[in-house]
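Coordinates as given in target.csv (CSV, C-alpha atoms and all ligand atoms):
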chain,number,residue,atom,x,y,z
H,190,MET,CA,9.5,-4.0,6.5
H,191,LYS,CA,10.5,-0.5,5.8
H,192,ILE,CA,7.6,1.2,4.0
H,193,SER,CA,7.5,4.7,2.6
H,194,ILE,CA,4.5,6.7,1.3
H,195,LEU,CA,5.2,9.2,-1.4
H,196,GLY,CA,2.2,11.5,-1.5
H,197,THR,CA,0.6,12.5,1.8
H,198,GLY,CA,-2.9,13.8,0.8
H,199,ASP,CA,-6.3,12.1,1.2
H,200,MET,CA,-5.2,8.6,0.0
H,201,GLY,CA,-1.6,8.6,1.1
H,202,GLY,CA,-2.7,9.8,4.5
H,203,ALA,CA,-5.3,7.0,4.7
H,204,ILE,CA,-2.7,4.3,3.8
H,205,ALA,CA,-0.1,5.8,6.2
H,206,THR,CA,-2.7,5.8,9.0
H,207,ALA,CA,-3.8,2.2,8.3
H,208,ILE,CA,-0.2,0.9,8.2
H,209,SER,CA,0.7,2.9,11.3
H,210,ARG,CA,-2.3,1.7,13.3
H,211,LYS,CA,-2.6,-1.9,12.2
H,212,THR,CA,1.0,-3.1,11.6
H,213,ARG,CA,4.4,-3.0,13.2
H,214,HIS,CA,6.2,-2.0,9.9
H,215,SER,CA,8.6,0.9,10.0
H,216,LEU,CA,6.8,3.8,8.2
H,217,ARG,CA,8.0,7.1,6.7
H,218,VAL,CA,6.1,9.6,4.6
H,219,ARG,CA,7.0,12.3,2.1
H,220,GLY,CA,4.9,14.9,0.4
H,221,SER,CA,5.6,16.9,-2.7
H,222,GLN,CA,8.8,18.3,-1.1
H,223,ALA,CA,10.7,18.0,2.2
H,224,GLY,CA,8.8,19.6,5.0
H,225,SER,CA,5.5,19.7,3.2
H,226,ALA,CA,2.6,20.7,5.4
H,227,SER,CA,0.5,17.5,4.6
H,228,ALA,CA,3.5,15.3,5.5
H,229,ARG,CA,4.1,17.2,8.7
H,230,ARG,CA,0.4,16.7,9.8
H,231,LEU,CA,0.8,13.0,9.4
H,232,ILE,CA,4.2,13.0,11.1
H,233,ASP,CA,2.6,14.8,14.1
H,234,GLU,CA,-0.5,12.6,14.1
H,235,LEU,CA,1.1,9.2,13.7
H,236,GLY,CA,4.5,9.7,15.2
H,237,VAL,CA,6.2,8.5,12.0
H,238,GLY,CA,9.3,10.0,10.3
H,239,GLU,CA,9.6,12.0,7.2
H,240,ALA,CA,11.3,10.0,4.4
H,241,THR,CA,14.6,11.4,3.1
H,242,THR,CA,15.7,10.3,-0.3
H,243,GLU,CA,18.0,7.7,1.4
H,244,ASP,CA,15.0,6.4,3.4
H,245,LEU,CA,13.0,6.0,0.2
H,246,LEU,CA,15.8,4.1,-1.5
H,247,ALA,CA,16.2,1.8,1.5
H,248,SER,CA,12.5,1.0,1.6
H,249,ASN,CA,11.1,-2.5,0.9
H,250,ILE,CA,8.0,-0.9,-0.4
H,251,VAL,CA,7.3,2.6,-1.6
H,252,PHE,CA,3.7,3.5,-2.2
H,253,VAL,CA,3.3,6.1,-4.9
H,254,VAL,CA,0.1,8.1,-4.1
H,255,ALA,CA,0.8,11.3,-5.9
H,256,PRO,CA,-1.7,12.8,-8.5
H,257,ALA,CA,-1.2,11.0,-11.8
H,258,ALA,CA,0.0,14.3,-13.4
H,259,ALA,CA,2.8,14.5,-10.9
H,260,ILE,CA,4.0,10.8,-11.1
H,261,GLU,CA,7.1,11.5,-13.2
H,262,GLN,CA,8.2,14.3,-10.8
H,263,ALA,CA,7.4,12.2,-7.7
H,264,ILE,CA,9.3,9.1,-8.7
H,265,ALA,CA,12.3,11.0,-9.9
H,266,THR,CA,13.4,10.7,-6.3
H,267,LEU,CA,13.4,6.9,-6.7
H,268,ASN,CA,16.2,6.8,-9.3
H,269,ASN,CA,18.0,3.4,-9.2
H,270,TYR,CA,15.5,2.1,-6.5
H,271,ARG,CA,15.5,-1.7,-6.4
H,272,GLY,CA,12.6,-2.5,-4.1
H,273,ILE,CA,8.8,-2.8,-4.6
H,274,VAL,CA,6.8,0.2,-5.9
H,275,ALA,CA,3.1,0.0,-5.1
H,276,ALA,CA,1.3,2.2,-7.6
H,277,VAL,CA,-1.9,3.6,-6.2
H,278,SER,CA,-2.3,6.7,-8.4
H,279,VAL,CA,-5.2,6.9,-10.9
H,280,SER,CA,-5.5,9.3,-13.7
H,281,GLY,CA,-9.0,10.8,-14.1
H,282,SER,CA,-8.7,10.1,-17.9
H,283,VAL,CA,-7.4,6.6,-17.6
H,284,GLY,CA,-8.4,4.4,-20.5
H,285,TYR,CA,-9.2,7.4,-22.8
H,286,ASP,CA,-7.5,7.7,-26.1
H,287,GLY,CA,-5.1,4.8,-25.4
H,288,LEU,CA,-3.6,6.5,-22.4
H,289,LEU,CA,-1.5,4.2,-20.2
H,290,SER,CA,-2.5,3.4,-16.7
H,291,ALA,CA,-0.5,5.3,-14.0
H,292,ALA,CA,1.1,2.0,-13.0
H,293,ALA,CA,2.2,1.2,-16.6
H,294,ARG,CA,4.0,4.6,-16.9
H,295,MET,CA,6.4,3.7,-14.1
H,296,PRO,CA,8.5,0.7,-15.2
H,297,ALA,CA,10.2,2.6,-18.0
H,298,LEU,CA,11.2,5.3,-15.4
H,299,LEU,CA,12.2,2.8,-12.7
H,300,PRO,CA,13.8,-0.1,-14.5
H,301,ASP,CA,15.3,-1.6,-11.4
H,302,ALA,CA,12.2,-1.6,-9.3
H,303,THR,CA,9.4,-4.2,-9.0
H,304,LEU,CA,6.1,-2.5,-10.0
H,305,VAL,CA,2.9,-3.6,-8.4
H,306,SER,CA,-0.5,-2.0,-8.9
H,307,ALA,CA,-2.7,-2.3,-5.8
H,308,PHE,CA,-5.3,-0.4,-3.8
H,309,SER,CA,-6.2,1.8,-6.8
H,310,SER,CA,-9.9,0.8,-6.8
H,311,ILE,CA,-10.5,1.5,-3.1
H,312,TRP,CA,-11.8,4.8,-1.5
H,313,SER,CA,-9.5,6.3,1.1
H,314,ASN,CA,-12.5,6.1,3.6
H,315,VAL,CA,-12.5,2.3,3.2
H,316,ILE,CA,-8.7,2.2,3.6
H,317,ARG,CA,-9.1,4.0,7.0
H,318,GLU,CA,-12.1,1.9,8.0
H,319,PRO,CA,-12.6,-1.4,6.1
H,320,GLY,CA,-16.0,-1.9,7.7
H,321,ARG,CA,-17.6,-5.1,8.9
H,322,SER,CA,-19.9,-6.1,6.0
H,323,GLY,CA,-17.5,-8.2,4.0
H,324,LYS,CA,-13.9,-7.8,3.0
H,325,THR,CA,-13.1,-5.4,0.2
H,326,SER,CA,-10.9,-6.9,-2.6
H,327,VAL,CA,-7.5,-5.5,-3.3
H,328,PHE,CA,-6.6,-6.3,-6.9
H,329,VAL,CA,-2.9,-7.0,-7.2
H,330,CYS,CA,-1.4,-6.7,-10.7
H,331,LEU,CA,2.3,-7.4,-11.3
H,332,ASP,CA,4.7,-9.0,-13.7
H,333,GLU,CA,7.3,-10.2,-11.2
H,334,ASN,CA,5.5,-12.7,-8.9
H,335,ASP,CA,8.1,-12.5,-6.1
H,336,ALA,CA,6.4,-9.3,-4.9
H,337,LYS,CA,3.0,-10.8,-4.8
H,338,ASP,CA,3.1,-12.4,-1.4
H,339,VAL,CA,4.6,-9.2,0.1
H,340,VAL,CA,1.9,-6.9,-1.2
H,341,SER,CA,-0.9,-9.4,-0.7
H,342,GLY,CA,0.3,-10.0,2.9
H,343,LEU,CA,0.2,-6.3,3.6
H,344,ALA,CA,-3.3,-6.0,2.1
H,345,THR,CA,-4.4,-8.8,4.5
H,346,GLU,CA,-2.8,-7.1,7.5
H,347,LEU,CA,-4.8,-4.0,6.6
H,348,GLY,CA,-8.1,-5.9,6.6
H,349,PHE,CA,-8.6,-6.6,2.9
H,350,GLU,CA,-8.8,-9.6,0.7
H,351,PRO,CA,-6.0,-9.7,-1.9
H,352,ILE,CA,-7.0,-10.9,-5.3
H,353,SER,CA,-4.6,-11.7,-8.1
H,354,GLY,CA,-5.3,-9.2,-10.8
H,355,GLY,CA,-2.9,-10.6,-13.4
H,356,LYS,CA,-0.1,-8.8,-15.1
H,357,LEU,CA,0.8,-5.2,-14.6
H,358,ALA,CA,-1.0,-4.4,-17.9
H,359,ALA,CA,-4.3,-5.3,-16.2
H,360,ALA,CA,-3.7,-2.3,-13.8
H,361,LEU,CA,-5.5,-0.3,-16.5
H,362,TYR,CA,-8.7,-2.1,-15.6
H,363,ALA,CA,-8.1,-1.8,-11.8
H,364,GLU,CA,-7.6,1.9,-12.2
H,365,MET,CA,-10.7,2.2,-14.3
H,366,MET,CA,-12.6,0.4,-11.4
H,367,GLY,CA,-11.2,3.2,-9.2
H,368,MET,CA,-12.7,5.8,-11.5
H,369,PHE,CA,-15.9,3.8,-11.6
H,370,ALA,CA,-16.0,3.8,-7.8
H,371,VAL,CA,-15.8,7.6,-7.9
H,372,HIS,CA,-18.8,7.7,-10.2
H,373,LEU,CA,-20.7,5.1,-8.2
H,374,ALA,CA,-20.1,7.0,-5.0
H,375,MET,CA,-22.1,9.9,-6.5
H,376,ASP,CA,-24.6,8.0,-8.7
H,377,SER,CA,-25.4,4.9,-6.7
H,378,GLY,CA,-26.3,6.6,-3.5
H,379,TYR,CA,-23.7,4.5,-1.6
H,380,GLY,CA,-21.2,7.4,-1.2
H,381,ARG,CA,-17.5,7.1,-0.6
H,382,THR,CA,-17.6,3.7,1.1
H,383,ILE,CA,-18.8,1.8,-2.0
H,384,SER,CA,-16.4,-1.1,-2.4
H,385,PHE,CA,-15.7,-4.0,-4.8
H,386,HIS,CA,-15.8,-7.6,-3.4
H,387,ALA,CA,-14.8,-10.4,-5.8
H,388,PHE,CA,-16.4,-13.8,-5.0
H,389,ARG,CA,-17.1,-17.1,-6.7
H,390,ALA,CA,-20.8,-17.2,-7.6
H,391,ASP,CA,-21.1,-21.0,-7.4
F,401,LIG,N1,-8.6,9.7,-2.5
F,401,LIG,C1,-8.9,8.5,-2.8
F,401,LIG,O1,-9.9,7.9,-2.2
F,401,LIG,C2,-8.1,7.7,-3.8
F,401,LIG,C3,-8.4,6.3,-4.0
F,401,LIG,C4,-7.7,5.6,-4.9
F,401,LIG,C5,-6.6,6.2,-5.6
F,401,LIG,N2,-6.4,7.5,-5.4
F,401,LIG,C6,-5.3,8.1,-6.2
F,401,LIG,O2,-4.3,8.5,-5.3
F,401,LIG,C7,-3.6,9.7,-5.8
F,401,LIG,C8,-3.7,10.8,-4.8
F,401,LIG,O3,-5.0,11.1,-4.5
F,401,LIG,P1,-5.4,12.0,-3.2
F,401,LIG,O4,-6.9,11.9,-3.2
F,401,LIG,O5,-4.6,11.6,-2.0
F,401,LIG,O6,-5.0,13.4,-3.7
F,401,LIG,P2,-4.6,14.7,-2.8
F,401,LIG,O7,-5.4,14.7,-1.5
F,401,LIG,O8,-4.8,15.9,-3.7
F,401,LIG,O9,-3.1,14.5,-2.4
F,401,LIG,C9,-2.1,14.5,-3.3
F,401,LIG,C10,-0.8,14.4,-2.6
F,401,LIG,O10,0.3,14.2,-3.6
F,401,LIG,C11,1.4,15.0,-3.2
F,401,LIG,N3,2.2,15.3,-4.3
F,401,LIG,C12,2.0,16.2,-5.3
F,401,LIG,N4,3.1,16.2,-6.1
F,401,LIG,C13,4.0,15.4,-5.6
F,401,LIG,C14,5.3,15.0,-6.0
F,401,LIG,N5,5.9,15.5,-7.1
F,401,LIG,N6,5.9,14.1,-5.2
F,401,LIG,C15,5.3,13.5,-4.1
F,401,LIG,N7,4.1,13.9,-3.7
F,401,LIG,C16,3.4,14.8,-4.5
F,401,LIG,C17,0.8,16.2,-2.5
F,401,LIG,O11,1.8,16.7,-1.6
F,401,LIG,P3,1.7,18.1,-0.9
F,401,LIG,O12,0.6,18.0,0.1
F,401,LIG,O13,3.0,18.2,-0.3
F,401,LIG,O14,1.4,19.1,-1.9
F,401,LIG,C18,-0.4,15.6,-1.8
F,401,LIG,O15,-0.1,15.2,-0.5
F,401,LIG,C19,-4.4,10.1,-7.1
F,401,LIG,O16,-3.7,9.6,-8.2
F,401,LIG,C20,-5.7,9.4,-6.9
F,401,LIG,O17,-6.3,9.1,-8.1
F,401,LIG,C21,-7.1,8.3,-4.5

What is this structure when it is put down as structure tokens?
Ligand SMILES: NC(=O)c1ccc[n+]([C@@H]2O[C@H](COP(=O)([O-])OP(=O)(O)OC[C@H]3O[C@@H](n4cnc5c(N)ncnc54)[C@H](OP(=O)(O)O)[C@@H]3O)[C@@H](O)[C@H]2O)c1
Amino acid sequence: MKISILGTGDMGGAIATAISRKTRHSLRVRGSQAGSASARRLIDELGVGEATTEDLLASNIVFVVAPAAAIEQAIATLNNYRGIVAAVSVSGSVGYDGLLSAAARMPALLPDATLVSAFSSIWSNVIREPGRSGKTSVFVCLDENDAKDVVSGLATELGFEPISGGKLAAALYAEMMGMFAVHLAMDSGYGRTISFHAFRAD
């Protein structure tokens, strides 16, 4: 697949590194603008290319990993995009005062794309190193089921266990789990490798 990462900071860098090291997919990255320093660091480190607008539009999957406040600006480059958008961004105030999840803000702006929420409840450290003490769950929320196997397959390739999280509307809860993971990292004593693992308790 052709995969692009939009947002090349801590989390975008972790996803790019994992895809580059663990899969044979064609990968390109893009920061806040062409030639951004964070993108250049990844390009040098991983030997991947910088995504032009044409590359983004030709991707099978574009990961949106920009700060939630920059989503509208970030995805403006995806005008008329028809592939899969994997929404990873989380707003620090998700769930407050009826605010939409970051993922739920995107379909109105990208009507031709297939929106999938995934990886929003996982720390970047865990994306880089999934660890050996049980597989972390990736909750996959989407309305159009044809993208489910693609995103779930990629999560499996990266060392995670994909779990159907229901419709895109449920991305709100997955993003809130992401914020809960931030609080747990500080308050539970587990630090930035605390992870969620769904299992049947029977
Ligand atoms: N860090 C985690 O463990 C983690 C886990 C789950 C979800 N998330 C979510 O992932 C998102 C990014 O978090 P982060 O920790 O990676 O933040 P970060 O380290 O601050 O990086 C943010 C990145 O977004 C880029 N960016 C800013 N405006 C952009 C735009 N208009 N178009 C494209 N890219 C743009 C920046 O590019 P420049 O470098 O060029 O300025 C930067 O590379 C957030 O929504 C966060 O909630 C993070």

Expected answer as a ChimeraX atom specification: residues within 9 Å of ligand LIG 401 (chain F), only C-alpha atoms and all ligand atoms: /H:194-203,219-228,253-266,276-281,291,308-316,364,367-368,370-371,381

Go ahead and save the residues from that selection, with C-alpha atoms, as a tab-separated table (two decimals), in the frame of the given file.
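Once everything was written out, this is again_33.tsv:
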chain	number	residue	atom	x	y	z
H	194	ILE	CA	4.50	6.70	1.30
H	195	LEU	CA	5.20	9.20	-1.40
H	196	GLY	CA	2.20	11.50	-1.50
H	197	THR	CA	0.60	12.50	1.80
H	198	GLY	CA	-2.90	13.80	0.80
H	199	ASP	CA	-6.30	12.10	1.20
H	200	MET	CA	-5.20	8.60	0.00
H	201	GLY	CA	-1.60	8.60	1.10
H	202	GLY	CA	-2.70	9.80	4.50
H	203	ALA	CA	-5.30	7.00	4.70
H	219	ARG	CA	7.00	12.30	2.10
H	220	GLY	CA	4.90	14.90	0.40
H	221	SER	CA	5.60	16.90	-2.70
H	222	GLN	CA	8.80	18.30	-1.10
H	223	ALA	CA	10.70	18.00	2.20
H	224	GLY	CA	8.80	19.60	5.00
H	225	SER	CA	5.50	19.70	3.20
H	226	ALA	CA	2.60	20.70	5.40
H	227	SER	CA	0.50	17.50	4.60
H	228	ALA	CA	3.50	15.30	5.50
H	253	VAL	CA	3.30	6.10	-4.90
H	254	VAL	CA	0.10	8.10	-4.10
H	255	ALA	CA	0.80	11.30	-5.90
H	256	PRO	CA	-1.70	12.80	-8.50
H	257	ALA	CA	-1.20	11.00	-11.80
H	258	ALA	CA	0.00	14.30	-13.40
H	259	ALA	CA	2.80	14.50	-10.90
H	260	ILE	CA	4.00	10.80	-11.10
H	261	GLU	CA	7.10	11.50	-13.20
H	262	GLN	CA	8.20	14.30	-10.80
H	263	ALA	CA	7.40	12.20	-7.70
H	264	ILE	CA	9.30	9.10	-8.70
H	265	ALA	CA	12.30	11.00	-9.90
H	266	THR	CA	13.40	10.70	-6.30
H	276	ALA	CA	1.30	2.20	-7.60
H	277	VAL	CA	-1.90	3.60	-6.20
H	278	SER	CA	-2.30	6.70	-8.40
H	279	VAL	CA	-5.20	6.90	-10.90
H	280	SER	CA	-5.50	9.30	-13.70
H	281	GLY	CA	-9.00	10.80	-14.10
H	291	ALA	CA	-0.50	5.30	-14.00
H	308	PHE	CA	-5.30	-0.40	-3.80
H	309	SER	CA	-6.20	1.80	-6.80
H	310	SER	CA	-9.90	0.80	-6.80
H	311	ILE	CA	-10.50	1.50	-3.10
H	312	TRP	CA	-11.80	4.80	-1.50
H	313	SER	CA	-9.50	6.30	1.10
H	314	ASN	CA	-12.50	6.10	3.60
H	315	VAL	CA	-12.50	2.30	3.20
H	316	ILE	CA	-8.70	2.20	3.60
H	364	GLU	CA	-7.60	1.90	-12.20
H	367	GLY	CA	-11.20	3.20	-9.20
H	368	MET	CA	-12.70	5.80	-11.50
H	370	ALA	CA	-16.00	3.80	-7.80
H	371	VAL	CA	-15.80	7.60	-7.90
H	381	ARG	CA	-17.50	7.10	-0.60

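Distances here use all atoms listed in the file; by that measure, the residue among H:Ala293, H:Val237, H:Leu298, H:Ala307 closest to Ala363 in chain H is H:Ala307.
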
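For the pair CA of Phe388 in chain H and CA of Val339 in chain H, the interatomic distance is 22.1 Å.
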
Please provide as a ChimeraX atom specification all residues within 9 Å of Thr242 in chain H, with the sequence filter that same-chain residues fewer than 4 positions apart are discarded (counting only C-alpha atoms). /H:246-247,266-267

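Interatomic distance, CA of Ala302 in chain H to CA of Val340 in chain H: 14.1 Å.
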
Could you list, as a ChimeraX atom specification, every residue within 8 Å of Asn249 in chain H, counting all atoms listed in the file and ignoring same-chain residues fewer than 2 positions away? /H:190-192,247,251,272-273

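Minimum atom-to-atom distance to Ser215 in chain H, evaluated using only C-alpha atoms, belongs to H:Ile250 out of H:Ala292, H:Ile250, H:Leu373, H:Val305.
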
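CA of His386 in chain H is found 5.0 Å from CA of Thr325 in chain H.
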
Using all atoms listed in the file, pick whichever of H:Leu347, H:Leu361, H:Leu299, H:Leu231 has the shortest atom-to-atom distance to Glu318 in chain H. H:Leu347

Using all atoms listed in the file, list the residues that have an atom at most 10 Å from (9.6, -10.0, -11.2), coordinates as in the file, as a ChimeraX atom specification. /H:273,302-305,331-337
